[in-house]
$ cat coords.txt   # compact mmCIF, C-alpha atoms
# COMPACT_ATOMS: atom_id res chain seq x y z
CA MET A 1 -30.58 -77.28 19.10
CA LYS A 2 -30.82 -75.01 16.11
CA LEU A 3 -27.57 -76.34 14.69
CA ILE A 4 -28.84 -79.91 14.64
CA GLY A 5 -32.15 -78.81 13.16
CA ALA A 6 -30.48 -76.83 10.41
CA ALA A 7 -28.17 -79.71 9.50
CA PHE A 8 -31.11 -82.12 9.47
CA LEU A 9 -33.23 -79.82 7.33
CA SER A 10 -30.57 -79.12 4.77
CA ALA A 11 -29.76 -82.83 4.52
CA LEU A 12 -33.45 -83.64 4.11
CA ILE A 13 -33.71 -81.21 1.20
CA PHE A 14 -30.46 -82.60 -0.18
CA GLY A 15 -31.84 -86.11 -0.05
CA LEU A 16 -35.10 -85.11 -1.71
CA GLY A 17 -33.12 -83.34 -4.39
CA LEU A 18 -31.10 -86.47 -5.02
CA GLY A 19 -34.25 -88.52 -5.35
CA ILE A 20 -36.00 -86.10 -7.68
CA SER A 21 -32.90 -85.76 -9.80
CA GLY A 22 -32.66 -89.49 -10.45
CA MET A 23 -29.29 -89.86 -8.80
CA THR A 24 -30.70 -92.53 -6.51
CA ILE A 25 -31.25 -94.79 -9.49
CA PRO A 26 -27.92 -96.51 -10.18
CA ALA A 27 -28.90 -97.26 -13.76
CA LYS A 28 -29.25 -93.53 -14.42
CA VAL A 29 -25.85 -92.79 -12.96
CA ILE A 30 -24.25 -95.59 -14.90
CA GLY A 31 -26.12 -94.33 -17.94
CA PHE A 32 -24.31 -91.02 -17.58
CA LEU A 33 -21.00 -92.86 -17.34
CA ASP A 34 -21.89 -95.17 -20.23
CA VAL A 35 -20.20 -93.17 -22.95
CA THR A 36 -19.60 -96.17 -25.19
CA GLY A 37 -23.21 -97.31 -24.89
CA GLN A 38 -26.53 -95.60 -24.35
CA TRP A 39 -25.34 -92.25 -22.98
CA ASP A 40 -27.83 -90.59 -20.64
CA PRO A 41 -26.78 -86.96 -20.09
CA SER A 42 -29.30 -86.31 -17.29
CA LEU A 43 -26.60 -86.11 -14.62
CA LEU A 44 -25.19 -83.07 -16.38
CA ALA A 45 -28.45 -81.26 -15.74
CA VAL A 46 -28.28 -82.22 -12.06
CA MET A 47 -24.79 -80.82 -11.68
CA MET A 48 -25.63 -77.73 -13.66
CA GLY A 49 -28.72 -77.02 -11.58
CA ALA A 50 -26.83 -77.48 -8.34
CA ILE A 51 -23.76 -75.51 -9.38
CA ILE A 52 -25.68 -72.58 -10.83
CA VAL A 53 -27.61 -72.20 -7.57
CA HIS A 54 -24.62 -72.72 -5.31
CA PHE A 55 -22.21 -70.62 -7.36
CA VAL A 56 -24.40 -67.58 -6.76
CA SER A 57 -25.33 -68.46 -3.18
CA PHE A 58 -21.77 -69.15 -2.16
CA ARG A 59 -20.64 -65.70 -3.17
CA LEU A 60 -23.56 -64.03 -1.43
CA ILE A 61 -23.36 -66.10 1.74
CA THR A 62 -19.63 -65.74 2.24
CA LYS A 63 -19.91 -61.98 2.05
CA ARG A 64 -21.26 -62.31 5.60
CA LYS A 65 -18.82 -62.13 8.50
CA SER A 66 -20.04 -65.44 9.85
CA PRO A 67 -22.64 -68.15 9.32
CA LEU A 68 -25.99 -67.76 11.04
CA LEU A 69 -25.49 -70.41 13.72
CA ALA A 70 -21.77 -70.92 13.89
CA GLU A 71 -18.74 -68.85 14.69
CA LYS A 72 -16.97 -69.03 11.36
CA PHE A 73 -17.02 -70.45 7.88
CA GLN A 74 -15.11 -73.67 7.46
CA VAL A 75 -14.58 -73.87 3.73
CA PRO A 76 -11.52 -75.69 2.37
CA THR A 77 -8.78 -73.38 1.17
CA ARG A 78 -6.19 -75.73 -0.30
CA ARG A 79 -5.42 -75.25 -3.95
CA ASP A 80 -2.66 -77.78 -4.54
CA ILE A 81 -3.22 -80.93 -6.56
CA ASP A 82 -1.41 -83.85 -4.98
CA TRP A 83 -1.19 -87.60 -5.49
CA LYS A 84 -3.84 -88.22 -2.84
CA LEU A 85 -6.40 -86.11 -4.64
CA LEU A 86 -5.77 -87.79 -7.97
CA THR A 87 -5.48 -91.34 -6.70
CA GLY A 88 -8.46 -90.94 -4.40
CA ALA A 89 -10.58 -89.57 -7.22
CA ALA A 90 -9.52 -92.42 -9.49
CA ILE A 91 -10.39 -95.07 -6.92
CA PHE A 92 -13.68 -93.37 -6.12
CA GLY A 93 -14.48 -93.12 -9.82
CA VAL A 94 -13.93 -96.82 -10.32
CA GLY A 95 -16.17 -97.67 -7.37
CA TRP A 96 -18.80 -95.24 -8.61
CA GLY A 97 -18.77 -96.73 -12.08
CA LEU A 98 -18.91 -100.23 -10.67
CA GLY A 99 -21.88 -99.73 -8.40
CA GLY A 100 -23.58 -96.61 -9.66
CA PHE A 101 -23.70 -95.28 -6.10
CA CYS A 102 -21.84 -92.49 -4.42
CA PRO A 103 -22.12 -91.72 -0.70
CA GLY A 104 -25.13 -89.40 -0.65
CA PRO A 105 -27.50 -91.36 -2.89
CA ALA A 106 -26.54 -94.59 -1.16
CA LEU A 107 -27.56 -93.24 2.25
CA VAL A 108 -30.83 -91.97 0.82
CA SER A 109 -31.54 -95.30 -0.90
CA VAL A 110 -31.05 -97.40 2.22
CA ALA A 111 -34.74 -96.82 2.90
CA SER A 112 -35.58 -99.00 -0.09
CA GLY A 113 -34.24 -101.95 1.86
CA GLN A 114 -32.62 -103.46 -1.18
CA SER A 115 -29.73 -105.72 -0.32
CA SER A 116 -27.39 -104.16 -2.88
CA VAL A 117 -27.67 -100.72 -1.24
CA VAL A 118 -27.26 -102.05 2.27
CA ILE A 119 -24.23 -104.08 1.22
CA PHE A 120 -22.81 -101.04 -0.53
CA VAL A 121 -23.25 -98.77 2.48
CA VAL A 122 -21.74 -101.26 4.92
CA SER A 123 -18.80 -101.79 2.56
CA MET A 124 -18.42 -98.05 2.07
CA ILE A 125 -18.21 -97.54 5.83
CA ALA A 126 -15.66 -100.36 5.97
CA GLY A 127 -13.69 -98.67 3.19
CA ILE A 128 -13.67 -95.44 5.17
CA TYR A 129 -12.26 -97.22 8.19
CA VAL A 130 -9.68 -99.01 6.03
CA TYR A 131 -8.52 -95.60 4.82
CA LYS A 132 -8.34 -94.22 8.33
CA PHE A 133 -6.14 -97.15 9.33
CA PHE A 134 -4.01 -96.80 6.20
CA ASP A 135 -3.60 -93.09 6.83
CA ARG A 136 -2.61 -93.52 10.45
CA LYS A 137 -0.25 -96.40 9.81
CA PHE A 138 1.47 -95.39 6.59
CA LEU A 139 0.86 -91.80 5.74
CA GLN A 140 0.97 -89.85 8.96
CA GLU A 141 4.21 -91.41 10.17
CA LYS A 142 6.04 -90.32 7.06
CA GLY A 143 4.48 -86.90 7.09
CA LYS A 144 2.74 -87.43 3.80
CA MET B 1 -39.50 -84.52 -24.75
CA LEU B 2 -36.25 -82.75 -24.02
CA LEU B 3 -37.87 -80.76 -21.25
CA GLU B 4 -39.46 -83.82 -19.72
CA GLN B 5 -36.18 -85.67 -19.73
CA PHE B 6 -34.30 -82.90 -17.96
CA ALA B 7 -37.03 -81.47 -15.72
CA GLY B 8 -36.49 -83.93 -12.86
CA PRO B 9 -32.71 -83.76 -12.98
CA LEU B 10 -32.72 -79.97 -13.18
CA LEU B 11 -35.21 -79.55 -10.35
CA GLY B 12 -33.35 -82.09 -8.25
CA GLY B 13 -30.12 -80.28 -8.97
CA VAL B 14 -31.60 -76.96 -7.89
CA LEU B 15 -32.78 -78.53 -4.62
CA ILE B 16 -29.30 -79.93 -4.07
CA GLY B 17 -27.87 -76.47 -4.69
CA VAL B 18 -30.31 -74.97 -2.19
CA ALA B 19 -29.51 -77.64 0.39
CA VAL B 20 -25.75 -77.18 0.25
CA SER B 21 -26.23 -73.43 0.41
CA LEU B 22 -28.35 -73.80 3.54
CA LEU B 23 -25.65 -75.79 5.30
CA LEU B 24 -23.14 -73.11 4.38
CA LEU B 25 -25.42 -70.31 5.53
CA PHE B 26 -26.37 -71.88 8.84
CA LEU B 27 -23.33 -73.92 9.81
CA GLY B 28 -20.65 -72.43 7.58
CA ARG B 29 -19.82 -75.88 6.33
CA VAL B 30 -19.35 -77.61 3.03
CA PHE B 31 -21.97 -80.27 2.28
CA GLY B 32 -19.61 -83.07 1.38
CA VAL B 33 -21.14 -86.40 2.29
CA SER B 34 -17.86 -88.29 2.36
CA GLY B 35 -16.41 -85.60 4.60
CA ILE B 36 -19.40 -85.79 6.90
CA LEU B 37 -18.98 -89.56 7.18
CA GLY B 38 -15.22 -89.37 7.57
CA GLY B 39 -15.69 -87.01 10.48
CA LEU B 40 -17.92 -89.59 12.14
CA ALA B 41 -15.37 -92.36 11.64
CA THR B 42 -12.77 -90.40 13.58
CA PRO B 43 -15.04 -88.33 15.78
CA VAL B 44 -13.97 -85.08 17.35
CA LYS B 45 -15.81 -84.07 20.48
CA GLY B 46 -18.43 -81.43 19.81
CA ASP B 47 -18.25 -81.98 16.09
CA THR B 48 -20.45 -85.02 15.70
CA GLY B 49 -23.96 -83.77 16.40
CA TRP B 50 -24.50 -81.97 13.11
CA ARG B 51 -22.97 -84.90 11.21
CA VAL B 52 -25.37 -87.40 12.73
CA ALA B 53 -28.22 -84.98 12.00
CA ALA B 54 -27.12 -84.73 8.38
CA VAL B 55 -26.99 -88.49 7.95
CA LEU B 56 -30.42 -88.80 9.55
CA GLY B 57 -31.74 -86.08 7.26
CA MET B 58 -30.65 -87.99 4.18
CA VAL B 59 -31.99 -91.29 5.47
CA THR B 60 -35.29 -89.60 6.36
CA ALA B 61 -35.56 -88.19 2.86
CA GLY B 62 -35.16 -91.73 1.62
CA ILE B 63 -37.85 -93.01 3.94
CA LEU B 64 -40.25 -90.29 2.80
CA MET B 65 -39.64 -91.12 -0.83
CA GLN B 66 -39.93 -94.84 -0.23
CA VAL B 67 -43.38 -94.22 1.21
CA VAL B 68 -44.59 -91.63 -1.30
CA SER B 69 -42.79 -92.52 -4.50
CA PRO B 70 -40.66 -95.65 -4.27
CA ASP B 71 -39.86 -95.51 -7.99
CA LEU B 72 -37.39 -92.78 -7.18
CA LEU B 73 -35.33 -95.36 -5.35
CA VAL B 74 -35.46 -98.02 -8.04
CA GLY B 75 -32.63 -100.29 -7.32
CA THR B 76 -30.09 -102.30 -9.01
CA THR B 77 -30.73 -104.82 -11.73
CA THR B 78 -28.24 -107.33 -10.43
CA GLU B 79 -27.97 -108.14 -6.78
CA SER B 80 -24.44 -109.53 -6.89
CA PRO B 81 -23.02 -108.94 -3.43
CA LEU B 82 -19.41 -109.03 -4.63
CA ARG B 83 -20.02 -106.15 -7.00
CA TYR B 84 -21.44 -103.95 -4.26
CA ILE B 85 -18.86 -104.96 -1.69
CA ALA B 86 -16.10 -103.97 -4.12
CA ALA B 87 -17.89 -100.79 -5.17
CA GLY B 88 -18.53 -99.78 -1.56
CA LEU B 89 -14.96 -100.40 -0.45
CA LEU B 90 -13.57 -98.42 -3.37
CA VAL B 91 -15.95 -95.51 -2.84
CA GLY B 92 -15.33 -95.45 0.90
CA PHE B 93 -11.58 -95.58 0.58
CA GLY B 94 -11.26 -93.37 -2.48
CA THR B 95 -13.44 -90.55 -1.20
CA GLN B 96 -11.42 -90.33 2.00
CA LEU B 97 -8.07 -90.41 0.18
CA GLY B 98 -9.29 -87.87 -2.34
CA SER B 99 -10.96 -85.62 0.24
CA GLY B 100 -14.37 -85.60 -1.36
CA CYS B 101 -17.05 -86.96 -3.64
CA THR B 102 -19.75 -85.69 -5.99
CA SER B 103 -21.29 -83.41 -3.36
CA GLY B 104 -18.12 -82.05 -1.79
CA HIS B 105 -15.99 -81.67 -4.89
CA GLY B 106 -18.57 -81.90 -7.64
CA VAL B 107 -21.10 -79.41 -6.32
CA CYS B 108 -19.50 -77.37 -3.54
CA GLY B 109 -15.93 -77.28 -4.78
CA MET B 110 -16.78 -76.64 -8.40
CA SER B 111 -19.13 -73.82 -7.36
CA ARG B 112 -16.15 -72.19 -5.64
CA LEU B 113 -14.07 -72.77 -8.79
CA SER B 114 -11.63 -74.72 -6.66
CA PRO B 115 -8.83 -76.14 -8.83
CA ARG B 116 -8.66 -79.22 -6.60
CA SER B 117 -12.34 -79.91 -7.01
CA ILE B 118 -12.37 -79.31 -10.73
CA VAL B 119 -9.48 -81.75 -11.19
CA SER B 120 -11.02 -84.27 -8.80
CA THR B 121 -14.43 -84.13 -10.47
CA ILE B 122 -13.00 -84.54 -13.95
CA THR B 123 -10.87 -87.44 -12.69
CA PHE B 124 -13.61 -89.37 -10.96
CA ILE B 125 -16.00 -88.88 -13.85
CA LEU B 126 -13.38 -90.08 -16.32
CA PHE B 127 -12.55 -93.12 -14.22
CA GLY B 128 -16.24 -93.82 -13.79
CA MET B 129 -16.72 -93.72 -17.54
CA PHE B 130 -13.69 -95.90 -18.07
CA THR B 131 -14.98 -98.44 -15.58
CA VAL B 132 -18.42 -98.65 -17.16
CA ALA B 133 -16.84 -99.04 -20.59
CA LEU B 134 -14.69 -101.91 -19.32
CA TRP B 135 -17.68 -103.46 -17.58
CA ARG B 136 -19.60 -103.39 -20.84
CA LEU B 137 -16.66 -104.88 -22.66
CA ALA B 138 -16.52 -107.69 -20.15
CA GLY B 139 -20.19 -108.34 -20.77
CA GLY B 140 -21.37 -107.24 -17.38
CA ALA B 141 -25.02 -106.49 -16.72
CA ILE B 142 -25.85 -102.86 -16.07
$ encode --input "coords.txt" --output "structure tokens"
Amino acid sequence: MKLIGAAFLSALIFGLGLGISGMTIPAKVIGFLDVTGQWDPSLLAVMMGAIIVHFVSFRLITKRKSPLLAEKFQVPTRRDIDWKLLTGAAIFGVGWGLGGFCPGPALVSVASGQSSVVIFVVSMIAGIYVYKFFDRKFLQEKGK
Amino acid sequence: MLLEQFAGPLLGGVLIGVAVSLLLLFLGRVFGVSGILGGLATPVKGDTGWRVAAVLGMVTAGILMQVVSPDLLVGTTTESPLRYIAAGLLVGFGTQLGSGCTSGHGVCGMSRLSPRSIVSTITFILFGMFTVALWRLAGGAI
């Protein structure tokens, strides 16, 4: 199916980009976050490169009536800043600073077979399920 | 020396930008890895195929690099399981609660000038920096 192929291809390029950028090396990521130590600004260049390309592409692509292989664009439209956004970002930030991995690079790095990555990914998946449970049990009932 | 230092990151960043643009162009979707994974954790019928393909794409990229240039996947200096269990749990939980991570908010959201993504990105970067600073203070190995 073309849809599957397109998703696979874009993710493959994404993964290669992560690898070439250095984001799959935790020490580099932590280096960017190490403002009180040996600051490594490389991550800034990664974000800049990605955002410059996507900023332009996004505008051009969404001028179309629809995507090439799907019925409609599904781009988030919310603009409000709520406690979930802030708290979630804070918790994610702590985890990111602790391990030097975020979801994408971790999945890419699994191929290295290193125990730290595998442990991270398994724990990350567990964390996702913990959230889903937390959401269902505590948040959805109260309409939060 | 400046160019050498930033060439890889910049090129990698451009590829990331191209990749997320491709997903938008073809599938109309935001390339947010945590969102992709979250959608697999609570699967909706008909909406899982592309997600599995995306995960496989990333893993395949890793396999290719491991074969061709394993230095790109240079790992961690300490192998402390507790550290990575804690980090993984926090990242997994936090990205779901906060509706995104570095790809979803940091690249895609910021490119749209989304206020939510700008705030989220600044927040997770700040907390990341704070955490590393504390880790250093506590004498932890990087």
$ closest_residue --input "coords.txt" --among "A:Ser116, A:Trp83, A:Leu139, A:Pro103" --to "Leu37 (chain B)" --atoms "all atoms listed in the file"
A:Pro103
$ closest_residue --input "coords.txt" --among "A:Gly113, A:Val56, A:Ile4, A:Val29" --to "chain B" --atoms "only C-alpha atoms"
A:Ile4
$ residues_around --input "coords.txt" --residues "Gly127 (chain A)" --least-positions-apart "5" --cutoff "6 Å" --atoms "all atoms listed in the file" --output "PyMOL selection string"
chain B and resi 89+92-93
$ residues_near_point --input "coords.txt" --point "(-22.0, -74.0, 1.0)" --cutoff "10 Å" --atoms "all atoms listed in the file" --output "ChimeraX atom specification"
/A:54-55,57-59,61-62,73-75 /B:17-32,104,107-109,111-112
$ write_last_selection --input "coords.txt" --atoms "C-alpha atoms" --output "CSV table (one decimal), keeping the file's coordinate frame"
chain,number,residue,atom,x,y,z
A,54,HIS,CA,-24.6,-72.7,-5.3
A,55,PHE,CA,-22.2,-70.6,-7.4
A,57,SER,CA,-25.3,-68.5,-3.2
A,58,PHE,CA,-21.8,-69.2,-2.2
A,59,ARG,CA,-20.6,-65.7,-3.2
A,61,ILE,CA,-23.4,-66.1,1.7
A,62,THR,CA,-19.6,-65.7,2.2
A,73,PHE,CA,-17.0,-70.4,7.9
A,74,GLN,CA,-15.1,-73.7,7.5
A,75,VAL,CA,-14.6,-73.9,3.7
B,17,GLY,CA,-27.9,-76.5,-4.7
B,18,VAL,CA,-30.3,-75.0,-2.2
B,19,ALA,CA,-29.5,-77.6,0.4
B,20,VAL,CA,-25.8,-77.2,0.2
B,21,SER,CA,-26.2,-73.4,0.4
B,22,LEU,CA,-28.4,-73.8,3.5
B,23,LEU,CA,-25.6,-75.8,5.3
B,24,LEU,CA,-23.1,-73.1,4.4
B,25,LEU,CA,-25.4,-70.3,5.5
B,26,PHE,CA,-26.4,-71.9,8.8
B,27,LEU,CA,-23.3,-73.9,9.8
B,28,GLY,CA,-20.6,-72.4,7.6
B,29,ARG,CA,-19.8,-75.9,6.3
B,30,VAL,CA,-19.4,-77.6,3.0
B,31,PHE,CA,-22.0,-80.3,2.3
B,32,GLY,CA,-19.6,-83.1,1.4
B,104,GLY,CA,-18.1,-82.0,-1.8
B,107,VAL,CA,-21.1,-79.4,-6.3
B,108,CYS,CA,-19.5,-77.4,-3.5
B,109,GLY,CA,-15.9,-77.3,-4.8
B,111,SER,CA,-19.1,-73.8,-7.4
B,112,ARG,CA,-16.2,-72.2,-5.6
$ residues_around --input "coords.txt" --residues "region 122-138 of chain B" --least-positions-apart "4" --cutoff "9 Å" --atoms "only C-alpha atoms" --output "PyMOL selection string"
(chain A and resi 30-37+86-98+100) or (chain B and resi 101-102+106+117-118+142)
$ closest_residue --input "coords.txt" --among "A:Ala7, A:Val46, A:Ala111, A:Ile125" --to "Val67 (chain B)" --atoms "all atoms listed in the file"
A:Ala111
$ atom_distance --input "coords.txt" --atom1 "CA of Leu73 (chain B)" --atom2 "CA of His105 (chain B)"
23.7 Å
$ residues_near_point --input "coords.txt" --point "(-17.4, -88.8, 9.9)" --cutoff "12 Å" --atoms "all atoms listed in the file" --output "ChimeraX atom specification"
/A:103,125,128-129,132 /B:32-45,47-55,92,95-96
$ closest_residue --input "coords.txt" --among "A:Ser10, A:Ser21, A:Gln38, A:Ser115" --to "Phe6 (chain B)" --atoms "all atoms listed in the file"
A:Ser21
$ closest_residue --input "coords.txt" --among "A:Ala106, A:Ala11, A:Asp40, A:Lys65" --to "chain B" --atoms "all atoms listed in the file"
A:Ala11
$ atom_distance --input "coords.txt" --atom1 "CA of Leu107 (chain A)" --atom2 "CA of Ile85 (chain B)"
15.1 Å
$ residues_around --input "coords.txt" --residues "Gly17 (chain A)" --least-positions-apart "4" --cutoff "7 Å" --atoms "all atoms listed in the file" --output "MDAnalysis selection string"
(chainID A and resid 13 21) or (chainID B and resid 12:13 15:16)
$ atom_distance --input "coords.txt" --atom1 "CA of Pro9 (chain B)" --atom2 "CA of Ile51 (chain A)"
12.7 Å
